[in-house]
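The data block below is my_file_13.txt; it holds compact mmCIF, C-alpha atoms and all ligand atoms.
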```txt
# COMPACT_ATOMS: atom_id res chain seq x y z
CA MET A 1 -24.76 41.11 10.96
CA LYS A 2 -25.33 37.56 12.28
CA ILE A 3 -23.14 36.87 15.29
CA ARG A 4 -22.57 33.29 16.40
CA THR A 5 -20.42 31.75 19.09
CA TYR A 6 -18.45 28.54 18.54
CA ILE A 7 -16.84 26.34 21.15
CA ALA A 8 -14.20 23.84 20.14
CA LYS A 9 -11.26 21.86 21.45
CA ASP A 10 -8.73 24.08 19.76
CA MET A 11 -8.46 27.09 17.49
CA ARG A 12 -8.18 25.07 14.30
CA GLN A 13 -11.42 23.21 14.95
CA ALA A 14 -13.20 26.40 15.95
CA LEU A 15 -12.09 28.10 12.76
CA ARG A 16 -13.14 25.11 10.71
CA GLN A 17 -16.64 25.33 12.24
CA VAL A 18 -16.77 29.04 11.45
CA ARG A 19 -15.83 28.36 7.87
CA GLU A 20 -18.29 25.52 7.47
CA GLU A 21 -21.21 27.47 8.89
CA GLN A 22 -20.55 31.04 7.83
CA GLY A 23 -18.35 30.58 4.82
CA PRO A 24 -15.00 32.09 3.90
CA ASP A 25 -16.07 35.70 4.54
CA ALA A 26 -16.78 35.28 8.22
CA VAL A 27 -15.30 37.97 10.46
CA ILE A 28 -13.82 36.79 13.74
CA LEU A 29 -15.01 39.15 16.46
CA SER A 30 -13.46 37.67 19.57
CA THR A 31 -11.65 34.64 20.90
CA ARG A 32 -11.03 33.46 24.43
CA ALA A 33 -9.65 30.41 26.10
CA ILE A 34 -12.23 28.48 28.13
CA ALA A 35 -11.98 25.31 30.15
CA GLY A 36 -11.16 22.52 27.70
CA GLY A 37 -10.90 24.66 24.59
CA VAL A 38 -11.59 27.97 22.95
CA GLU A 39 -14.62 30.14 22.30
CA VAL A 40 -14.79 32.11 19.08
CA SER A 41 -17.43 34.67 18.10
CA ALA A 42 -17.83 35.23 14.40
CA ALA A 43 -20.14 37.09 12.08
CA ILE A 44 -20.68 37.68 8.43
CA ASP A 45 -19.71 41.15 7.27
CA PHE A 46 -22.97 42.76 6.16
CA GLU A 47 -21.33 43.88 2.91
CA ASN A 48 -20.90 40.28 1.95
CA ILE A 49 -24.50 39.28 2.49
CA PRO A 50 -25.97 38.50 -0.93
CA PRO A 51 -27.87 41.53 -2.32
CA GLN A 52 -31.33 40.03 -1.82
CA ARG A 53 -30.74 40.01 1.92
CA VAL A 54 -29.81 43.70 2.13
CA GLN A 55 -32.68 45.89 3.24
CA VAL A 56 -33.31 48.58 0.65
CA SER A 57 -36.13 51.11 0.48
CA VAL A 58 -37.97 50.48 -2.78
CA PRO A 59 -41.20 52.59 -3.02
CA VAL A 60 -44.29 50.46 -2.44
CA PRO A 61 -47.02 51.12 -5.00
CA THR A 62 -50.24 52.64 -3.59
CA PRO A 63 -53.50 50.77 -4.33
CA ALA A 64 -54.36 53.44 -6.90
CA ALA A 65 -50.99 53.11 -8.55
CA ALA A 66 -51.28 49.32 -8.41
CA ALA A 67 -54.37 49.56 -10.60
CA VAL A 68 -52.23 51.12 -13.31
CA PRO A 69 -49.92 48.48 -14.84
CA VAL A 70 -46.82 50.69 -14.66
CA PRO A 71 -44.08 49.38 -12.38
CA PRO A 72 -42.70 51.89 -9.91
CA PRO A 73 -39.33 53.32 -10.92
CA LEU A 74 -36.42 51.56 -9.25
CA ASP A 75 -34.62 53.71 -6.74
CA PHE A 76 -31.03 52.90 -7.77
CA ALA A 77 -29.60 55.34 -5.26
CA ALA A 78 -31.21 53.33 -2.48
CA LEU A 79 -29.53 50.18 -3.75
CA MET A 80 -26.06 51.73 -3.57
CA PRO A 81 -24.31 51.64 -0.18
CA SER A 82 -24.30 55.04 1.47
CA ALA A 83 -21.01 56.80 2.29
CA ALA A 84 -21.43 55.80 5.93
CA GLN A 85 -22.03 52.16 4.94
CA SER A 86 -18.94 52.15 2.71
CA GLU A 87 -16.83 53.62 5.46
CA MET A 88 -18.14 51.09 7.91
CA GLY A 89 -17.48 48.33 5.41
CA ALA A 90 -13.89 49.48 4.95
CA GLU A 91 -13.42 49.59 8.70
CA LEU A 92 -14.86 46.12 9.08
CA ARG A 93 -12.54 44.82 6.40
CA SER A 94 -9.45 46.30 7.98
CA MET A 95 -10.57 44.98 11.38
CA ARG A 96 -11.03 41.60 9.80
CA HIS A 97 -7.53 41.59 8.33
CA LEU A 98 -6.05 42.63 11.65
CA LEU A 99 -7.95 39.96 13.52
CA GLU A 100 -7.14 37.37 10.92
CA SER A 101 -3.43 37.94 11.16
CA GLN A 102 -3.58 37.95 14.96
CA LEU A 103 -5.58 34.76 14.94
CA ALA A 104 -3.21 33.18 12.46
CA GLN A 105 -0.39 34.06 14.84
CA LEU A 106 -2.32 32.52 17.72
CA ALA A 107 -3.12 29.37 15.79
CA TRP A 108 0.48 28.96 14.60
CA ASN A 109 1.82 29.58 18.13
CA ASP A 110 -0.72 27.07 19.39
CA LEU A 111 0.52 24.49 16.89
CA THR A 112 4.19 25.07 17.66
CA ARG A 113 3.42 24.67 21.37
CA ARG A 114 1.16 21.62 21.14
CA GLN A 115 2.79 19.84 18.19
CA PRO A 116 6.32 21.23 17.85
CA ALA A 117 7.47 18.34 15.62
CA GLN A 118 4.64 18.95 13.15
CA ALA A 119 5.37 22.67 13.09
CA GLU A 120 9.08 22.05 12.54
CA LEU A 121 8.29 19.66 9.67
CA LEU A 122 5.99 22.22 8.04
CA LYS A 123 8.84 24.72 8.34
CA GLN A 124 11.35 22.35 6.74
CA LEU A 125 9.00 21.47 3.88
CA THR A 126 8.36 25.18 3.29
CA GLU A 127 12.12 25.69 3.16
CA LEU A 128 12.27 23.01 0.49
CA GLY A 129 9.93 25.27 -1.48
CA LEU A 130 6.89 22.96 -1.44
CA THR A 131 3.43 24.46 -1.72
CA GLN A 132 1.32 24.86 1.41
CA ALA A 133 -1.14 22.21 0.24
CA LEU A 134 1.54 19.59 -0.39
CA ALA A 135 3.41 20.32 2.85
CA SER A 136 0.18 20.05 4.88
CA GLN A 137 -0.83 16.87 3.11
CA LEU A 138 2.52 15.21 3.82
CA VAL A 139 2.47 16.17 7.50
CA ASP A 140 -1.21 15.28 7.96
CA GLU A 141 -0.68 11.69 6.89
CA LEU A 142 2.02 11.01 9.51
CA PRO A 143 1.12 8.70 12.37
CA VAL A 144 1.13 10.40 15.77
CA ASN A 145 3.81 9.93 18.40
CA ILE A 146 6.74 8.84 16.27
CA PRO A 147 10.25 10.18 16.85
CA PHE A 148 11.09 13.37 14.98
CA GLU A 149 13.78 11.79 12.76
CA GLU A 150 11.32 9.07 11.81
CA SER A 151 8.67 11.61 10.87
CA GLN A 152 11.26 13.51 8.82
CA ARG A 153 12.22 10.34 7.01
CA ARG A 154 8.60 9.37 6.42
CA THR A 155 7.72 12.79 5.07
CA LEU A 156 10.49 12.66 2.48
CA ALA A 157 9.55 9.07 1.64
CA GLY A 158 5.93 10.22 1.19
CA LEU A 159 7.15 12.93 -1.14
CA SER A 160 9.25 10.46 -3.15
CA ARG A 161 6.27 8.12 -3.48
CA ARG A 162 4.27 10.93 -5.06
CA ILE A 163 6.85 11.46 -7.80
CA ALA A 164 6.45 9.19 -10.80
CA VAL A 165 9.43 8.18 -12.91
CA THR A 166 9.70 6.21 -16.15
CA GLY A 167 13.02 4.50 -15.46
CA ASP A 168 15.61 4.07 -18.22
CA VAL A 169 13.11 2.57 -20.69
CA LEU A 170 13.89 4.98 -23.51
CA LEU A 171 17.55 4.00 -23.64
CA GLU A 172 16.80 0.34 -22.98
CA ARG A 173 13.99 -0.22 -25.45
CA GLY A 174 13.89 2.87 -27.64
CA GLY A 175 10.87 4.75 -28.93
CA ARG A 176 9.91 7.81 -30.90
CA VAL A 177 10.09 10.84 -28.70
CA ALA A 178 9.71 14.53 -29.44
CA PHE A 179 11.26 16.95 -26.96
CA VAL A 180 9.01 19.92 -26.45
CA GLY A 181 9.33 22.84 -24.07
CA PRO A 182 10.22 26.48 -23.46
CA THR A 183 13.18 28.08 -25.24
CA GLY A 184 16.69 27.38 -24.02
CA VAL A 185 15.77 24.78 -21.39
CA GLY A 186 18.20 22.23 -22.85
CA LYS A 187 16.16 20.14 -25.30
CA THR A 188 18.92 19.81 -27.94
CA THR A 189 21.57 19.18 -25.27
CA ALA A 190 19.42 16.44 -23.71
CA ILE A 191 18.96 14.83 -27.14
CA ALA A 192 22.74 14.91 -27.65
CA LYS A 193 23.27 13.19 -24.31
CA LEU A 194 20.62 10.54 -24.95
CA ALA A 195 21.90 9.87 -28.47
CA ALA A 196 25.50 9.55 -27.26
CA ARG A 197 24.43 7.13 -24.53
CA TRP A 198 22.39 5.05 -26.96
CA VAL A 199 25.34 4.83 -29.35
CA MET A 200 27.60 3.71 -26.49
CA ARG A 201 25.13 0.97 -25.55
CA HIS A 202 23.60 -0.13 -28.83
CA GLY A 203 25.72 1.34 -31.65
CA SER A 204 24.66 3.98 -34.16
CA ARG A 205 22.71 1.93 -36.69
CA ASP A 206 19.20 1.86 -35.28
CA ILE A 207 18.96 5.44 -34.06
CA ALA A 208 17.92 8.56 -35.97
CA LEU A 209 17.81 12.22 -35.07
CA VAL A 210 15.19 14.53 -36.52
CA SER A 211 15.00 18.29 -36.26
CA VAL A 212 11.69 19.96 -36.97
CA ASP A 213 13.04 23.29 -35.82
CA GLY A 214 13.06 24.96 -39.22
CA GLN A 215 12.38 28.35 -37.74
CA ARG A 216 15.57 29.39 -36.09
CA PHE A 217 18.91 30.12 -37.63
CA GLY A 218 21.39 27.29 -37.03
CA ALA A 219 18.99 24.98 -35.20
CA GLN A 220 18.98 22.31 -37.91
CA GLU A 221 22.73 22.67 -38.42
CA GLN A 222 23.19 21.95 -34.70
CA LEU A 223 21.55 18.54 -35.02
CA LYS A 224 23.42 17.70 -38.23
CA VAL A 225 26.75 18.42 -36.51
CA LEU A 226 25.68 16.22 -33.60
CA GLY A 227 24.75 13.46 -36.02
CA ARG A 228 28.17 13.70 -37.74
CA LEU A 229 29.99 13.60 -34.40
CA LEU A 230 28.12 10.48 -33.27
CA GLY A 231 27.98 8.83 -36.67
CA VAL A 232 24.18 8.93 -36.49
CA GLU A 233 21.89 9.84 -39.34
CA ALA A 234 20.21 13.21 -38.79
CA PHE A 235 17.19 14.47 -40.73
CA THR A 236 15.83 17.97 -40.90
CA LEU A 237 12.25 18.90 -41.69
CA ASP A 238 10.76 22.32 -42.24
CA ASP A 239 7.24 21.14 -41.59
CA VAL A 240 5.99 18.96 -38.74
CA ALA A 241 3.38 17.52 -41.12
CA ASP A 242 6.19 15.70 -42.98
CA LEU A 243 7.11 13.62 -39.91
CA PRO A 244 4.83 10.61 -40.57
CA VAL A 245 6.23 10.18 -44.09
CA LEU A 246 9.82 10.43 -42.87
CA LEU A 247 9.25 7.99 -40.00
CA ALA A 248 7.49 5.53 -42.31
CA ARG A 249 10.81 5.38 -44.19
CA LEU A 250 12.68 4.53 -40.98
CA PRO A 251 10.82 1.53 -39.52
CA GLU A 252 14.04 -0.19 -38.40
CA ARG A 253 15.20 2.69 -36.19
CA ARG A 254 14.53 1.69 -32.64
CA LEU A 255 15.20 5.15 -31.23
CA VAL A 256 14.10 8.34 -32.95
CA LEU A 257 14.79 11.56 -31.06
CA ILE A 258 12.92 14.57 -32.40
CA ASP A 259 14.10 18.08 -31.63
CA THR A 260 11.56 20.90 -31.77
CA ALA A 261 11.79 24.68 -31.64
CA GLY A 262 11.55 26.10 -28.14
CA MET A 263 8.38 28.11 -27.54
CA SER A 264 7.33 30.63 -24.96
CA PRO A 265 4.61 29.14 -22.75
CA ARG A 266 2.66 32.32 -23.46
CA ASP A 267 3.01 32.08 -27.22
CA PRO A 268 -0.52 32.68 -28.56
CA GLU A 269 0.12 30.02 -31.20
CA LEU A 270 1.02 27.35 -28.68
CA ALA A 271 -2.39 25.67 -28.69
CA ALA A 272 -2.63 25.68 -32.50
CA ARG A 273 0.85 24.18 -32.83
CA ALA A 274 0.04 21.59 -30.19
CA LEU A 275 -3.08 20.61 -32.10
CA GLN A 276 -1.15 20.19 -35.34
CA PHE A 277 1.64 18.33 -33.55
CA GLY A 278 -0.82 16.10 -31.72
CA ALA A 279 -2.44 14.92 -34.94
CA VAL A 280 0.96 14.11 -36.45
CA ALA A 281 2.24 12.46 -33.28
CA ASP A 282 -0.81 10.19 -33.09
CA ARG A 283 -0.37 9.08 -36.70
CA ALA A 284 3.38 8.48 -36.38
CA GLY A 285 3.36 6.95 -32.88
CA ILE A 286 5.41 9.76 -31.36
CA GLN A 287 5.41 10.44 -27.64
CA VAL A 288 6.01 13.90 -26.25
CA CYS A 289 8.57 14.52 -23.52
CA LEU A 290 8.10 17.90 -21.89
CA THR A 291 11.51 19.38 -21.15
CA LEU A 292 11.65 21.83 -18.25
CA SER A 293 14.43 23.69 -16.52
CA ALA A 294 14.48 22.99 -12.80
CA ALA A 295 16.46 26.21 -12.38
CA ALA A 296 13.42 28.30 -13.25
CA GLN A 297 11.27 29.89 -10.54
CA ALA A 298 8.42 27.83 -9.12
CA GLY A 299 5.73 29.92 -10.82
CA VAL A 300 7.49 29.67 -14.18
CA ILE A 301 7.71 25.88 -13.89
CA GLU A 302 4.06 25.54 -12.90
CA GLU A 303 2.97 27.79 -15.74
CA ALA A 304 5.10 25.98 -18.32
CA ALA A 305 3.74 22.60 -17.20
CA ASP A 306 0.16 23.86 -17.46
CA ARG A 307 0.52 25.60 -20.80
CA PHE A 308 2.46 22.78 -22.48
CA ALA A 309 -0.12 20.25 -21.28
CA VAL A 310 -1.87 20.86 -24.62
CA PHE A 311 0.94 18.79 -26.21
CA ARG A 312 -0.25 15.83 -24.09
CA PRO A 313 3.23 14.91 -22.81
CA THR A 314 3.62 11.41 -21.40
CA SER A 315 6.84 12.20 -19.56
CA CYS A 316 9.07 15.08 -18.64
CA LEU A 317 12.81 15.60 -18.58
CA LEU A 318 14.28 17.96 -16.00
CA THR A 319 17.35 20.01 -16.87
CA LYS A 320 19.71 22.37 -15.06
CA LEU A 321 19.39 20.81 -11.63
CA ASP A 322 22.96 22.02 -11.14
CA GLU A 323 21.79 25.62 -11.46
CA ALA A 324 18.65 25.32 -9.32
CA THR A 325 18.49 27.21 -6.04
CA SER A 326 15.33 25.35 -5.00
CA LEU A 327 13.58 22.27 -6.33
CA GLY A 328 10.35 22.91 -4.43
CA GLY A 329 8.52 24.31 -7.45
CA THR A 330 9.60 21.38 -9.60
CA LEU A 331 8.57 18.83 -6.97
CA SER A 332 5.21 20.47 -6.35
CA MET A 333 4.54 20.57 -10.09
CA LEU A 334 5.46 16.89 -10.49
CA VAL A 335 3.16 15.85 -7.65
CA ARG A 336 0.33 18.04 -8.92
CA THR A 337 0.50 16.91 -12.55
CA GLY A 338 1.57 13.31 -11.95
CA LEU A 339 3.83 13.60 -15.00
CA PRO A 340 6.52 10.89 -14.78
CA VAL A 341 10.13 12.08 -15.01
CA SER A 342 12.33 10.27 -17.50
CA TYR A 343 15.79 11.78 -17.13
CA VAL A 344 17.49 14.45 -15.10
CA SER A 345 20.22 16.69 -16.48
CA GLU A 346 22.70 18.16 -14.05
CA GLY A 347 25.22 19.98 -16.24
CA GLN A 348 26.41 20.69 -19.75
CA ARG A 349 28.76 17.75 -20.28
CA ILE A 350 27.71 15.31 -22.99
CA PRO A 351 26.91 12.54 -22.18
CA GLU A 352 27.93 12.46 -18.51
CA ASP A 353 25.47 14.90 -17.01
CA LEU A 354 22.28 12.95 -17.62
CA VAL A 355 20.85 10.18 -15.46
CA PRO A 356 17.57 8.27 -15.42
CA ALA A 357 15.35 9.99 -12.86
CA ARG A 358 14.94 8.36 -9.49
CA ALA A 359 12.36 9.89 -7.17
CA HIS A 360 14.38 9.63 -3.97
CA HIS A 361 17.41 11.08 -5.74
CA VAL A 362 15.43 14.16 -6.83
CA VAL A 363 14.04 14.60 -3.31
CA THR A 364 17.51 14.23 -1.75
CA ARG A 365 18.84 16.80 -4.21
CA ALA A 366 16.03 19.14 -3.20
CA VAL A 367 17.07 18.81 0.46
CA HIS A 368 20.77 19.41 -0.35
CA ILE A 369 19.99 22.39 -2.53
CA ALA A 370 17.77 23.96 0.13
CA ARG A 371 20.47 23.44 2.78
CA HIS A 372 23.20 24.74 0.52
CA ALA A 373 21.15 27.80 -0.40
CA GLY A 374 20.47 28.41 3.32
CA ALA A 375 16.73 28.54 2.59
CA THR A 376 14.78 29.80 5.60
CA ALA A 377 11.06 30.12 6.14
CA GLY A 378 10.30 33.10 8.36
CA GLU A 379 7.66 33.11 11.08
CA GLU A 380 5.51 35.50 9.09
CA LEU A 381 5.36 33.19 6.08
CA LEU A 382 4.67 30.14 8.25
CA THR A 383 1.96 31.98 10.16
CA ARG A 384 0.30 33.07 6.96
CA ARG A 385 0.49 29.60 5.45
CA PHE A 386 -0.30 27.34 8.34
CA GLY A 387 -2.00 29.60 10.87
CA GLY A 388 -5.34 27.89 10.37
CA ILE A 389 -7.02 31.22 9.72
CA ALA A 390 -5.52 31.04 6.27
CA ARG A 391 -7.73 28.04 5.73
CA VAL A 392 -10.78 29.89 7.00
CA THR A 393 -10.34 32.79 4.64
CA ALA A 394 -8.77 30.95 1.72
N1 LIG A 401 24.09 24.17 -16.39
C1 LIG A 401 23.40 23.49 -17.28
N2 LIG A 401 23.29 23.93 -18.52
C2 LIG A 401 22.57 23.20 -19.40
C3 LIG A 401 21.95 21.99 -19.05
N3 LIG A 401 21.29 21.52 -20.14
C4 LIG A 401 21.52 22.41 -21.12
N4 LIG A 401 22.29 23.42 -20.70
C5 LIG A 401 22.76 24.59 -21.44
O1 LIG A 401 21.65 25.40 -21.76
C6 LIG A 401 21.88 26.08 -22.99
C7 LIG A 401 20.71 25.85 -23.91
O2 LIG A 401 20.68 24.50 -24.27
P1 LIG A 401 19.95 23.96 -25.56
O3 LIG A 401 20.08 22.47 -25.54
O4 LIG A 401 20.41 24.67 -26.76
O5 LIG A 401 18.48 24.39 -25.23
P2 LIG A 401 17.19 24.19 -26.16
O6 LIG A 401 16.06 23.86 -25.26
O7 LIG A 401 17.48 23.23 -27.26
O8 LIG A 401 17.03 25.66 -26.72
P3 LIG A 401 16.12 26.14 -27.95
O9 LIG A 401 16.26 25.12 -29.03
O10 LIG A 401 16.71 27.45 -28.29
O11 LIG A 401 14.75 26.26 -27.43
C8 LIG A 401 23.19 25.52 -23.53
O12 LIG A 401 24.22 26.42 -23.20
C9 LIG A 401 23.36 24.22 -22.75
O13 LIG A 401 24.73 23.85 -22.61
C10 LIG A 401 22.09 21.54 -17.70
O14 LIG A 401 21.56 20.51 -17.28
N5 LIG A 401 22.82 22.33 -16.86
MG MG A 402 17.36 23.46 -29.34
```
Using structure tokens, write down the structure that the file contains.
Ligand SMILES: Nc1nc2c(ncn2[C@@H]2O[C@H](COP(=O)(O)OP(=O)(O)OP(=O)(O)O)[C@@H](O)[C@H]2O)c(=O)[nH]1
Ligand SMILES: [Mg+2]
Amino acid sequence: MKIRTYIAKDMRQALRQVREEQGPDAVILSTRAIAGGVEVSAAIDFENIPPQRVQVSVPVPTPAAAAVPVPPPLDFAALMPSAAQSEMGAELRSMRHLLESQLAQLAWNDLTRRQPAQAELLKQLTELGLTQALASQLVDELPVNIPFEESQRRTLAGLSRRIAVTGDVLLERGGRVAFVGPTGVGKTTAIAKLAARWVMRHGSRDIALVSVDGQRFGAQEQLKVLGRLLGVEAFTLDDVADLPVLLARLPERRLVLIDTAGMSPRDPELAARALQFGAVADRAGIQVCLTLSAAAQAGVIEEAADRFAVFRPTSCLLTKLDEATSLGGTLSMLVRTGLPVSYVSEGQRIPEDLVPARAHHVVTRAVHIARHAGATAGEELLTRRFGGIARVTA
């Protein structure tokens, strides 16, 4: 076990040094406050030393044996940790966890004492549901010594700046867009809203609806009914491969909205279908709009965004903001992927409940939703996330 002592201005810096020098598996053995800072002793758990550095007793060949070109048999038992070593290892690990959580508590308390505004901001961003990385990034880029309200405002502005939007270009200029996404997120409803809005602005002549959802009962009928209601021509295709031929027949349609069958993000055929769709989309000049429900849990949103990336979406449309109990997962996903948001759907009414996405509007909604839901971030969560030690062991 290699024990080293580190002296730093504060706990965070000390822990950073430990991590840089001894890596993420360092065990903190002791900490104490000293004049002008802290002193931390840390060591690497012997179990985590790479195997070549562990002393093992391999029989050394005698000179006589060395003359014979037969390698000595490997003593595998000697390579395995003994019962005592395993027990000691387990004890070290549990000690490490204990110390880590105590140190995290110390570091978080230290932060709340020295920089209460920063700590409060981290708490508020956690309550919004943002990831640790994003919350830290937003707080880290704030200038020092500004009033709390100003730092709050700047943090939300920083968040808004990280969210890309397309504006209302689809309904202003048109395009060929296929709506792709998980089942039941609101793809067909969004198409109905967009089509109705287009008809109100531009009339029904240069718009077409296409359903390539030949798989599910009633899906194509749904689009035909919508077409009849709006006086818009609606086409149904059983095979995606027929899209280029159909679209070649409709060169004068400025807006073509393509409805697809919802798919589970874990569908094993997702990649194959994306590949087929991608080839068709490239030939027919179709863009993909990933449609995601903002009411889903953060992990579900992140997973859907990652899995549907194989469709190479150029924008995304967010639905069910009215049902969301937190927008943190959605916001974190948008920042992480950089996918621009086209429209936001906040209810079932056609066409009212759809607006072009505006970044600050989505962020403001996230704040309102968090407040309304009474979202709270407990001390334990904050300690674990921002206690500094989390960064050492992460
Ligand atoms: N509350 C709420 N409900 C919505 C919203 N958008 C769609 N819905 C509802 O969600 C349900 C599913 O909508 P669809 O448009 O059929 O969803 P889809 O993605 O086309 O579904 P599949 O084609 O089956 O994959 C319907 O009951 C819609 O009225 C929204 O923004 N808010
Ligand atoms: Mg549908």
Task: Distance query 12 Å from (-3.1, 32.3, -23.9) using all atoms listed in the file, result as JSON, numbers by chain - done: {"A": [264, 265, 266, 267, 268, 269, 270, 271, 272, 303, 304, 306, 307, 308, 310]}
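Counting all atoms listed in the file, the residue from A:Lys224, A:Gly184, A:Glu172, A:Leu275 that sits nearest to Lys320 (chain A) is A:Gly184.
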Open item on the list: Restricting the calculation to all atoms listed in the file: of A:Leu209, A:Leu142, A:Ala164, A:Ile369, which residue gets closest to Leu122 (chain A)?
Closed with: A:Leu142
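Atom pair atom O10 of ligand LIG 401 (chain A) / CA of His202 (chain A) has a distance of 28.4 Å (rounded to one decimal).
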Nearby polymer residues, ligand LIG 401 (chain A), at most 7 Å, only C-alpha atoms and all ligand atoms, as a PDB file with C-alpha atoms, keeping the file's coordinate frame:
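Output saved as part16.pdb:
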```
ATOM      1  CA  GLY A 181       9.330  22.840 -24.070  1.00  0.00           C
ATOM      2  CA  PRO A 182      10.220  26.480 -23.460  1.00  0.00           C
ATOM      3  CA  THR A 183      13.180  28.080 -25.240  1.00  0.00           C
ATOM      4  CA  GLY A 184      16.690  27.380 -24.020  1.00  0.00           C
ATOM      5  CA  VAL A 185      15.770  24.780 -21.390  1.00  0.00           C
ATOM      6  CA  GLY A 186      18.200  22.230 -22.850  1.00  0.00           C
ATOM      7  CA  LYS A 187      16.160  20.140 -25.300  1.00  0.00           C
ATOM      8  CA  THR A 188      18.920  19.810 -27.940  1.00  0.00           C
ATOM      9  CA  THR A 189      21.570  19.180 -25.270  1.00  0.00           C
ATOM     10  CA  ALA A 190      19.420  16.440 -23.710  1.00  0.00           C
ATOM     11  CA  ALA A 219      18.990  24.980 -35.200  1.00  0.00           C
ATOM     12  CA  THR A 260      11.560  20.900 -31.770  1.00  0.00           C
ATOM     13  CA  ALA A 261      11.790  24.680 -31.640  1.00  0.00           C
ATOM     14  CA  GLY A 262      11.550  26.100 -28.140  1.00  0.00           C
ATOM     15  CA  MET A 263       8.380  28.110 -27.540  1.00  0.00           C
ATOM     16  CA  THR A 319      17.350  20.010 -16.870  1.00  0.00           C
ATOM     17  CA  LYS A 320      19.710  22.370 -15.060  1.00  0.00           C
ATOM     18  CA  LEU A 321      19.390  20.810 -11.630  1.00  0.00           C
ATOM     19  CA  ASP A 322      22.960  22.020 -11.140  1.00  0.00           C
ATOM     20  CA  GLU A 323      21.790  25.620 -11.460  1.00  0.00           C
ATOM     21  CA  SER A 345      20.220  16.690 -16.480  1.00  0.00           C
ATOM     22  CA  GLU A 346      22.700  18.160 -14.050  1.00  0.00           C
ATOM     23  CA  GLY A 347      25.220  19.980 -16.240  1.00  0.00           C
ATOM     24  CA  GLN A 348      26.410  20.690 -19.750  1.00  0.00           C
ATOM     25  CA  ASP A 353      25.470  14.900 -17.010  1.00  0.00           C
TER      26      ASP A 353
END
```
